[in-house]
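Pasting work-v7.txt here (compact mmCIF, C-alpha atoms):
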# COMPACT_ATOMS: atom_id res chain seq x y z
CA ASP A 1 4.24 66.96 45.82
CA LEU A 2 5.19 65.88 42.30
CA LEU A 3 8.86 66.12 43.17
CA LEU A 4 8.30 64.19 46.42
CA GLU A 5 6.37 61.53 44.58
CA GLU A 6 9.14 61.21 42.01
CA VAL A 7 11.75 60.87 44.75
CA ILE A 8 9.75 58.19 46.63
CA GLN A 9 9.11 56.26 43.42
CA SER A 10 12.86 56.12 42.82
CA ILE A 11 13.54 54.58 46.23
CA ASP A 12 14.27 50.83 46.27
CA PHE A 13 12.43 49.64 49.41
CA GLN A 14 14.23 46.32 49.56
CA TYR A 15 17.40 48.05 50.79
CA LEU A 16 15.63 49.99 53.57
CA THR A 17 15.09 49.01 57.17
CA GLN A 18 11.54 48.39 58.32
CA GLU A 19 11.68 51.62 60.31
CA ARG A 20 12.58 53.66 57.20
CA ARG A 21 9.94 51.84 55.16
CA ALA A 22 7.33 52.68 57.79
CA GLY A 23 8.29 56.37 57.72
CA ILE A 24 8.03 56.59 53.91
CA LEU A 25 4.74 54.62 53.97
CA GLN A 26 3.27 57.12 56.40
CA THR A 27 4.26 59.95 54.07
CA MET A 28 2.59 58.17 51.15
CA ILE A 29 -0.64 57.75 53.12
CA GLN A 30 -0.61 61.37 54.27
CA HIS A 31 -0.36 62.44 50.63
CA GLU A 32 -3.22 60.07 49.72
CA TRP A 33 -1.16 57.91 47.35
CA LYS A 34 -3.58 55.09 48.15
CA ASP A 35 -2.75 52.40 45.61
CA GLU A 36 0.99 52.96 45.84
CA ALA A 37 0.90 52.88 49.65
CA LEU A 38 -1.21 49.74 49.66
CA GLY A 39 1.19 48.05 47.25
CA VAL A 40 4.21 48.82 49.42
CA LEU A 41 2.38 47.77 52.59
CA LYS A 42 1.32 44.48 51.05
CA LYS A 43 4.73 43.67 49.57
CA TYR A 44 6.87 44.44 52.61
CA GLU A 45 4.31 43.74 55.40
CA ILE A 46 5.14 46.93 57.25
CA THR A 47 3.46 46.60 60.68
CA SER A 48 5.36 49.33 62.52
CA CYS A 49 3.51 52.11 60.70
CA SER A 50 1.01 54.28 62.55
CA ARG A 51 -2.13 52.15 62.97
CA LYS A 52 -4.33 55.21 62.61
CA LEU A 53 -2.81 55.90 59.22
CA LEU A 54 -3.31 52.25 58.24
CA LEU A 55 -6.94 52.64 59.33
CA LEU A 56 -7.24 55.70 57.12
CA LEU A 57 -5.76 53.80 54.17
CA ILE A 58 -8.02 50.75 54.43
CA THR A 59 -11.05 52.96 55.03
CA TRP A 60 -10.38 54.75 51.72
CA LYS A 61 -10.14 51.42 49.93
CA LEU A 62 -13.31 50.05 51.52
CA GLU A 63 -15.22 53.19 50.59
CA GLU A 64 -14.26 52.49 46.98
CA ASP A 65 -15.53 48.91 47.13
CA ARG A 66 -16.58 46.95 50.20
CA GLU A 67 -19.03 44.63 48.44
CA HIS A 68 -16.40 42.14 47.30
CA PHE A 69 -14.05 40.00 49.31
CA GLU A 70 -10.37 40.89 48.98
CA PRO A 71 -8.02 38.67 51.07
CA TYR A 72 -5.52 41.43 51.82
CA TYR A 73 -8.24 43.85 52.92
CA MET A 74 -9.47 41.16 55.30
CA LYS A 75 -5.95 40.57 56.62
CA LEU A 76 -5.41 44.27 57.25
CA CYS A 77 -8.84 44.75 58.85
CA SER A 78 -8.23 41.78 61.16
CA PHE A 79 -4.79 43.09 62.13
CA LEU A 80 -6.23 46.49 63.06
CA TYR A 81 -9.24 45.02 64.90
CA GLN A 82 -7.05 42.76 67.01
CA GLY A 83 -5.02 45.81 67.94
CA GLY A 84 -8.13 47.65 69.10
CA ILE A 85 -8.26 49.98 66.06
CA LYS A 86 -11.60 50.03 64.26
CA ASN A 87 -14.34 52.11 62.70
CA ASN A 88 -17.70 51.25 61.18
CA GLN A 89 -16.27 50.53 57.73
CA ILE A 90 -13.87 47.95 59.13
CA LEU A 91 -16.56 46.45 61.39
CA SER A 92 -18.98 46.11 58.47
CA TYR A 93 -16.34 44.45 56.30
CA LEU A 94 -15.30 42.03 59.03
CA ALA A 95 -18.91 41.17 59.91
CA ASP A 96 -19.60 40.34 56.28
CA PHE A 97 -16.39 38.51 55.33
CA TYR A 98 -14.33 37.44 58.39
CA MET A 99 -13.20 33.83 58.19
CA GLY A 100 -11.94 32.55 61.51
CA SER A 101 -13.10 31.27 64.86
CA ILE A 102 -16.78 31.64 65.73
CA SER A 103 -15.92 33.38 69.01
CA VAL A 104 -14.04 36.18 67.18
CA LEU A 105 -16.77 36.48 64.53
CA PHE A 106 -19.43 36.75 67.26
CA ASP A 107 -17.40 39.46 69.01
CA ILE A 108 -17.02 41.36 65.71
CA TYR A 109 -20.73 41.08 65.00
CA GLU A 110 -21.77 42.28 68.45
CA THR A 111 -19.29 45.19 68.30
CA ALA A 112 -20.63 46.14 64.88
CA ARG A 113 -24.21 46.08 66.17
CA LYS A 114 -23.37 48.21 69.21
CA ASN A 115 -21.59 50.77 67.03
CA GLY A 116 -24.41 50.92 64.48
CA ALA A 117 -22.25 49.58 61.66
CA GLU A 118 -24.08 48.27 58.61
CA ILE A 119 -24.30 44.47 58.43
CA SER A 120 -25.62 42.71 55.36
CA ASP A 121 -28.10 39.82 55.48
CA GLY A 122 -25.28 37.66 54.16
CA GLY A 123 -23.16 38.53 57.19
CA THR A 124 -25.95 37.56 59.57
CA GLU A 125 -26.62 34.33 57.69
CA ARG A 126 -22.92 33.46 57.76
CA LEU A 127 -22.74 34.02 61.52
CA LEU A 128 -25.83 31.92 62.28
CA GLY A 129 -24.80 29.23 59.80
CA GLN A 130 -21.32 28.96 61.30
CA ALA A 131 -22.78 28.79 64.83
CA LEU A 132 -24.93 25.86 63.71
CA PHE A 133 -22.02 24.16 61.95
CA VAL A 134 -19.67 24.22 64.96
CA GLU A 135 -22.56 23.52 67.38
CA ASP A 136 -21.90 26.64 69.42
CA ASP A 137 -24.14 27.69 72.31
CA LEU A 138 -27.15 29.00 70.36
CA GLU A 139 -28.67 30.80 73.34
CA LYS A 140 -26.29 33.73 72.89
CA TYR A 141 -27.42 34.15 69.27
CA ALA A 142 -31.10 34.43 70.17
CA ASP A 143 -31.37 38.23 69.80
CA ILE A 144 -29.56 38.16 66.46
CA PHE A 145 -31.79 35.35 65.24
CA LEU A 146 -35.01 37.06 66.36
CA ASP A 147 -34.07 40.18 64.37
CA TYR A 148 -33.29 38.05 61.33
CA TYR A 149 -36.49 35.98 61.73
CA GLU A 150 -38.67 38.98 60.97
CA TYR A 151 -37.10 39.90 57.63
CA GLY A 152 -34.50 37.28 56.64
CA ALA A 153 -35.02 35.57 53.30
CA ASN A 154 -33.26 32.26 54.07
CA ARG A 155 -36.10 30.29 55.65
CA ILE A 156 -34.12 27.05 55.50
CA LEU A 157 -31.63 28.67 57.90
CA VAL A 158 -34.51 29.80 60.12
CA LYS A 159 -35.93 26.29 60.37
CA ALA A 160 -32.49 24.78 60.96
CA PHE A 161 -31.79 27.23 63.81
CA LEU A 162 -35.17 26.60 65.45
CA GLY A 163 -34.73 22.86 65.02
CA CYS A 164 -31.32 22.92 66.75
CA ILE A 165 -32.58 25.10 69.60
CA SER A 166 -35.54 22.73 69.99
CA TYR A 167 -33.28 19.69 70.15
CA GLY A 168 -30.95 21.36 72.67
CA TYR A 169 -33.93 22.26 74.85
CA LEU A 170 -35.41 18.77 74.53
CA THR A 171 -32.13 17.16 75.63
CA GLU A 172 -31.72 19.75 78.42
CA LYS A 173 -28.44 21.03 76.99
CA CYS A 174 -29.81 24.59 76.87
CA GLN A 175 -32.65 26.71 78.17
CA MET A 176 -35.38 28.14 75.98
CA PRO A 177 -34.25 31.72 75.14
CA GLU A 178 -36.86 34.42 75.63
CA GLY A 179 -38.88 35.02 72.49
CA ILE A 180 -37.75 31.83 70.75
CA TRP A 181 -40.52 29.52 71.95
CA GLU A 182 -43.22 31.53 70.20
CA LYS A 183 -41.34 31.07 66.91
CA ILE A 184 -40.91 27.34 67.56
CA ARG A 185 -44.60 26.99 68.38
CA ARG A 186 -45.57 28.86 65.21
CA GLU A 187 -43.29 26.80 62.97
CA GLY A 188 -44.31 23.59 64.73
CA LEU A 189 -47.97 24.21 63.96
CA SER A 190 -47.33 24.49 60.25
CA GLU A 191 -44.77 21.69 59.88
CA GLU A 192 -44.37 18.16 61.18
CA ASN A 193 -40.99 18.89 62.74
CA GLN A 194 -40.64 16.41 65.59
CA SER A 195 -37.97 18.41 67.45
CA MET A 196 -40.13 21.53 67.47
CA ILE A 197 -43.27 19.65 68.51
CA LEU A 198 -41.48 17.89 71.38
CA ALA A 199 -39.80 21.15 72.49
CA SER A 200 -43.24 22.82 72.50
CA LEU A 201 -44.66 20.00 74.62
CA ARG A 202 -41.79 20.23 77.08
CA TYR A 203 -42.31 23.99 77.34
CA TYR A 204 -46.05 23.52 77.85
CA ALA A 205 -45.33 20.97 80.61
CA GLY A 206 -43.79 23.77 82.68
CA MET A 207 -46.88 25.97 82.40
CA ASP A 208 -49.79 25.95 84.84
CA GLU A 209 -52.75 26.87 82.63
CA TYR A 210 -53.72 26.30 79.01
CA THR A 211 -56.30 27.57 76.57
CA GLU A 212 -58.72 25.07 75.08
CA ALA A 213 -56.75 25.13 71.83
CA GLU A 214 -53.52 24.39 73.73
CA LYS A 215 -55.17 21.51 75.61
CA GLU A 216 -56.29 20.04 72.32
CA TYR A 217 -52.76 20.42 70.86
CA ILE A 218 -51.16 18.84 73.94
CA GLY A 219 -53.67 15.99 74.11
CA TYR A 220 -53.32 15.11 70.44
CA HIS A 221 -49.53 15.01 70.43
CA LEU A 222 -49.23 13.28 73.83
CA SER A 223 -51.52 10.50 72.61
CA HIS A 224 -49.60 10.24 69.34
CA PHE A 225 -46.16 9.95 70.93
CA VAL A 226 -47.27 7.55 73.68
CA SER A 227 -49.17 5.34 71.24
CA THR A 228 -45.99 4.98 69.16
CA GLY A 229 -43.94 4.09 72.24
CA ARG A 230 -42.15 7.41 72.57
CA ILE A 231 -42.51 8.42 76.19
CA PHE A 232 -40.38 11.25 77.64
CA SER A 233 -39.75 12.20 81.26
CA PHE A 234 -41.01 15.77 80.78
CA MET A 235 -44.51 14.39 80.10
CA LYS A 236 -44.88 13.90 83.86
CA GLY A 237 -45.21 17.69 84.03
CA PHE A 238 -48.75 17.44 82.63
CA ILE A 239 -50.07 15.40 85.57
CA GLY A 240 -52.98 17.20 87.19
CA LYS A 241 -53.27 19.70 84.34
CA VAL A 242 -54.66 17.71 81.43
CA GLU A 243 -55.88 14.16 80.92
CA ILE A 244 -52.85 12.03 80.14
CA PRO A 245 -52.22 8.40 79.14
CA PHE A 246 -51.89 5.69 81.80
CA GLU A 247 -48.23 5.02 80.93
CA VAL A 248 -47.27 8.60 81.75
CA LEU A 249 -49.50 8.97 84.80
CA HIS A 250 -48.40 5.79 86.58
CA GLY A 251 -45.14 4.79 84.93
CA SER A 252 -41.65 5.50 86.28
CA ILE A 253 -39.54 6.99 83.48
CA ILE A 254 -35.74 7.07 83.27
CA GLN A 255 -34.41 9.18 80.41
CA LEU A 256 -30.80 9.56 79.28
CA TYR A 257 -29.13 11.61 76.55
CA TYR A 258 -26.21 9.65 75.10
CA SER A 259 -24.54 10.58 71.82
CA ARG A 260 -21.88 7.89 71.44
CA SER A 261 -23.90 5.54 69.23
CA LYS A 262 -23.99 2.48 71.47
CA ASP A 263 -26.80 0.29 72.78
CA LEU A 264 -27.73 1.19 76.34
CA TYR A 265 -28.67 -1.40 78.93
CA ILE A 266 -30.22 -0.86 82.34
CA GLU A 267 -29.53 -3.29 85.19
CA LEU A 268 -32.30 -3.31 87.78
CA THR A 269 -31.82 -4.59 91.34
CA HIS A 270 -35.11 -5.31 93.08
CA GLU A 271 -35.70 -5.22 96.83
CA ASP A 272 -35.33 -9.01 97.10
CA GLY A 273 -31.89 -8.83 95.45
CA GLU A 274 -33.06 -10.18 92.11
CA LYS A 275 -31.33 -8.56 89.12
CA GLU A 276 -32.84 -7.85 85.72
CA VAL A 277 -31.18 -6.44 82.59
CA CYS A 278 -33.22 -4.61 79.95
CA GLN A 279 -32.30 -2.66 76.85
CA MET A 280 -33.17 1.03 76.95
CA LYS A 281 -35.37 2.19 74.13
CA PRO A 282 -34.22 4.92 71.69
CA VAL A 283 -37.18 7.30 71.45
CA PHE A 284 -35.47 10.13 69.58
CA GLU A 285 -32.01 10.95 68.26
CA ASP A 286 -29.55 10.13 71.11
CA ILE A 287 -32.40 10.02 73.67
CA TYR A 288 -33.00 6.71 75.45
CA VAL A 289 -35.80 5.80 77.84
CA TYR A 290 -36.66 2.97 80.19
CA GLN A 291 -40.22 2.93 81.47
CA THR A 292 -41.64 0.62 84.14
CA LEU A 293 -44.56 0.30 86.51
CA LEU A 294 -43.93 0.28 90.26
CA PHE A 295 -46.48 -0.28 92.98
CA ARG A 296 -46.81 1.74 96.15
CA GLY A 297 -43.69 1.59 98.33
CA GLU A 298 -41.65 -0.30 95.75
CA THR A 299 -37.98 0.72 95.28
CA VAL A 300 -35.57 -0.41 92.55
CA HIS A 301 -31.86 0.44 92.22
CA TYR A 302 -30.50 0.78 88.68
CA GLN A 303 -27.28 1.16 86.71
CA ILE A 304 -27.08 2.10 83.02
CA PHE A 305 -24.29 0.68 80.84
CA ALA A 306 -23.24 1.59 77.28
CA GLY A 307 -22.51 -1.39 75.04
CA ALA A 308 -20.21 -3.90 76.71
CA GLY A 309 -18.81 -1.27 79.11
CA SER A 310 -18.20 -2.31 82.72
CA ARG A 311 -18.59 1.16 84.24
CA PRO A 312 -22.10 2.60 84.49
CA VAL A 313 -22.82 5.89 82.72
CA ARG A 314 -25.51 6.58 85.31
CA GLN A 315 -26.89 4.97 88.45
CA GLY A 316 -29.72 5.78 90.78
CA VAL A 317 -32.92 4.68 92.49
CA ILE A 318 -36.48 4.46 91.19
CA ARG A 319 -39.19 4.90 93.79
CA ALA A 320 -42.91 4.56 93.26
CA ALA A 321 -44.56 7.95 93.47
CA GLU A 322 -47.65 8.68 95.51
CA GLU A 323 -50.45 8.17 93.00
CA GLU A 324 -53.49 10.36 92.54
CA GLU A 325 -56.76 8.43 92.68
CA THR A 326 -58.47 10.42 89.94
CA THR A 327 -57.48 12.51 86.95
CA GLU A 328 -58.32 16.17 86.54
CA THR A 329 -61.58 15.27 84.81
CA GLY A 330 -62.73 13.07 87.73
CA GLN A 331 -62.53 9.78 85.79
CA GLU A 332 -61.17 6.67 87.52
CA ALA A 333 -57.49 6.31 86.72
CA ALA A 334 -56.36 2.86 85.56
CA ALA A 335 -58.72 0.96 87.86
CA PHE A 336 -56.79 -2.27 88.50
CA TYR A 337 -53.45 -0.56 89.08
CA GLU A 338 -55.00 2.07 91.32
CA MET A 339 -56.90 -0.57 93.27
CA VAL A 340 -53.67 -2.49 94.00
CA ASN A 341 -52.13 0.71 95.33
CA GLN A 342 -55.23 1.37 97.45
CA MET A 343 -54.99 -2.15 98.92
CA ILE A 344 -51.30 -1.64 99.77
CA ARG A 345 -52.16 1.72 101.37
CA ALA A 346 -55.02 0.21 103.42
CA LYS A 347 -52.77 -2.61 104.66
CA GLU A 348 -50.03 -0.13 105.66
CA ASP A 349 -52.59 2.00 107.54
CA GLY A 350 -54.16 -1.00 109.31
CA GLU A 351 -57.58 -0.42 107.77
CA GLU A 352 -58.68 -4.07 107.68
CA GLU A 353 -62.32 -3.43 106.70
CA VAL A 354 -61.32 -1.16 103.81
CA LEU A 355 -58.78 -3.78 102.71
CA HIS A 356 -61.41 -6.57 102.66
CA GLN A 357 -63.80 -4.37 100.66
CA LEU A 358 -61.10 -3.60 98.11
CA VAL A 359 -60.11 -7.26 97.78
CA ARG A 360 -63.75 -8.24 97.16
CA LYS A 361 -64.11 -5.47 94.57
CA TYR A 362 -60.84 -6.45 92.88
CA ARG A 363 -61.89 -10.10 92.61
CA SER A 364 -65.28 -9.07 91.28
CA MET A 365 -63.69 -6.90 88.59
CA GLN A 366 -61.35 -9.77 87.64
CA GLU A 367 -64.34 -12.09 87.28
CA VAL A 368 -66.23 -9.61 85.12
CA SER A 369 -63.25 -8.95 82.89
CA GLY A 370 -62.67 -12.70 82.53
CA LYS A 371 -66.22 -13.22 81.34
CA LEU A 372 -65.88 -10.35 78.87
CA PHE A 373 -62.73 -11.76 77.32
CA ASP A 374 -63.65 -15.49 77.35
CA PRO A 375 -65.42 -15.30 73.90
CA LEU A 376 -62.20 -13.81 72.41
Now that the file is in, can you turn its structure into structure tokens?
Amino acid sequence: DLLLEEVIQSIDFQYLTQERRAGILQTMIQHEWKDEALGVLKKYEITSCSRKLLLLLITWKLEEDREHFEPYYMKLCSFLYQGGIKNNQILSYLADFYMGSISVLFDIYETARKNGAEISDGGTERLLGQALFVEDDLEKYADIFLDYYEYGANRILVKAFLGCISYGYLTEKCQMPEGIWEKIRREGLSEENQSMILASLRYYAGMDEYTEAEKEYIGYHLSHFVSTGRIFSFMKGFIGKVEIPFEVLHGSIIQLYYSRSKDLYIELTHEDGEKEVCQMKPVFEDIYVYQTLLFRGETVHYQIFAGAGSRPVRQGVIRAAEEEETTETGQEAAAFYEMVNQMIRAKEDGEEEVLHQLVRKYRSMQEVSGKLFDPL
């Protein structure tokens, strides 16, 4: 071995073909001349060597020290991984230090998890942080995040991830991954994070039953958002389940997600051909809403334009919904508005006596309200 080592050390690699270099490199690895072999490999970039022997070489080096980033170790690990050659040492190193596309990093991480390779908290934090930075589809990271949520020390990362998932769910760009909503609800209770609160409300809107505590939570936040002029289309999902504000119960709501930082205008075409242009209201980041009140049978066509654009970004029809006469609690719902709808319904059904009674009641209520407000 000493003689062989002396002979190999006397060889000038620059005059050898890549094939001869690869053969001598393999001999060096087989004799465990680790540092010398690594030096030759790095200098001459010998890629035709047996990949299994290269795996053996880098594994030895990682066993000596895998806690620190070494660019050439990363290059060699990546080369082997892309060629389908890997073991847990390489997977651990790549999961912790790989710098490249998020899709490759995610694949490395998932392979490492399936093979039981050790992954540091730093590796998990880097993966989740990079997914947030490039705005990747966060749904596929849900399982990784849920594991990290229970023990991870970086709570800023936790809140950022939940906030982004909440916003994606609120804007309907993603579904709510299983297990994530409970974390959002928990964090939303302890912090005034608007994305999390709104995502929780949207999730609640899809449920059929609530506890008393949930009803109180829903009622409080619904009232708060509506009173500040922030009405969202998902709030319609609470109709018939909890007592909700008049604007949500009776209003027609058009909501649009638009991220190109322009004013949005809605052009309304009424049944008589009259046109009306209104500015849509920004109610949250990149979320715009137009809310109006339609009476029974009323139909309005609309087109939404961005800035001075001539092509609509959306168009459609608003139709008045069939209104419920009472709320869940049995209270009269928005008396004047409901009475107008009842009069329209009675006229359509030919119920003349009912129509006359409603007209008399409507006029009486107008007279009473006028007397109440005259002193003001």
*At what distance in Å, to one decimal, does atom CA of Ala199 of chain A lie from atom CA of Ala306 of chain A?*
26.1 Å
Quick one: which segment 63-89 of chain A residues come within 10 Å of segment 28-42 of chain A, and what is the nearest atom pair for each with the distance in Å to one decimal, counting only C-alpha atoms, rows ordered by chain and ascending number, as JSON lines?
{"residue": "A:Tyr72", "atom": "CA", "partner": "A:Lys42", "partner_atom": "CA", "distance": 7.5}
{"residue": "A:Tyr73", "atom": "CA", "partner": "A:Leu38", "partner_atom": "CA", "distance": 9.7}
{"residue": "A:Lys75", "atom": "CA", "partner": "A:Lys42", "partner_atom": "CA", "distance": 10.0}
{"residue": "A:Leu76", "atom": "CA", "partner": "A:Lys42", "partner_atom": "CA", "distance": 9.2}
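Of note, atom CA of Gly316 of chain A and atom CA of Gln303 of chain A are spaced 6.6 Å apart.
Of the listed residues (A:Asp136, A:Asp121, A:Glu212, A:Glu353), A:Asp121 comes nearest to Asn154 of chain A; the distances count all atoms listed in the file.
Shortest separation to Tyr258 of chain A among A:Gly188, A:Gly163, A:Gly307, A:Gly273 occurs at residue A:Gly307, atoms counted being only C-alpha atoms.
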*Which one of A:Glu285, A:Glu70, A:Glu110, A:Glu267 sits closest to Gln315 of chain A if you count only C-alpha atoms?*
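Checking each candidate against Gln315 of chain A, we get A:Glu267 as the closest.
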*Would you kindly identify which residues have an atom no farther than 10 Å from (-31.7, 35.1, 66.3), using only C-alpha atoms and the file's own coordinates, and write them out as an MDAnalysis selection string?*
chainID A and resid 124 128 138:150 158 161:162 177 179:180
*May I ask which of the residues A:Gln89, A:Ser78, A:Ser50, A:Gln291 is the closest one to Arg66 of chain A, counting only C-alpha atoms?*
A:Gln89
_Pairwise distance for atom CA of Arg51 of chain A and atom CA of Glu64 of chain A, rounded to one decimal in Å_ =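 About the pair atom CA of Arg51 of chain A and atom CA of Glu64 of chain A: they are 20.1 Å apart.
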*Determine the nearest neighbour of Ala22 of chain A from the options A:Ser200, A:Thr47, A:Ser223, A:Gln279, counting all atoms listed in the file.*
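So, comparing all the options, the nearest one is A:Thr47.
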*For Phe238 of chain A, list every protein, DNA or RNA residue within 12 Å, evaluated using all atoms listed in the file, and leave out those in the same chain fewer than 3 positions away; present the list as a VMD selection string.*
chain A and resid 201 to 210 215 218 to 219 222 232 to 235 241 to 245 248 to 249 327 to 328
*Can you pull out every residue within 12 Å of Ile304 of chain A, counting only C-alpha atoms, but drop anything in the same chain fewer than 3 positions away, and send it as a PyMOL selection string?*
chain A and resi 254-258+262-269+276-280+288-290+301+307-317
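With distances restricted to only C-alpha atoms, A:Arg20 is the closest residue to Ser48 of chain A from A:Arg20, A:Lys61, A:His68, A:His250.
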*asked:* Env of Glu271 of chain A: 10 Å cut, atoms = all atoms listed in the file, seq-sep filter 4 positions within chain, self excluded. Answer as a list in words.
replied: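 Contacts, in chain order: Lys275, Glu298, Thr299, Val300 and His301 of chain A.
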Produce a file of the selected residues containing C-alpha atoms, as a PDB file, in the frame of the given file.
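Now in out-v7.pdb:
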ATOM      1  CA  LYS A 275     -31.330  -8.560  89.120  1.00  0.00           C
ATOM      2  CA  GLU A 298     -41.650  -0.300  95.750  1.00  0.00           C
ATOM      3  CA  THR A 299     -37.980   0.720  95.280  1.00  0.00           C
ATOM      4  CA  VAL A 300     -35.570  -0.410  92.550  1.00  0.00           C
ATOM      5  CA  HIS A 301     -31.860   0.440  92.220  1.00  0.00           C
TER       6      HIS A 301
END
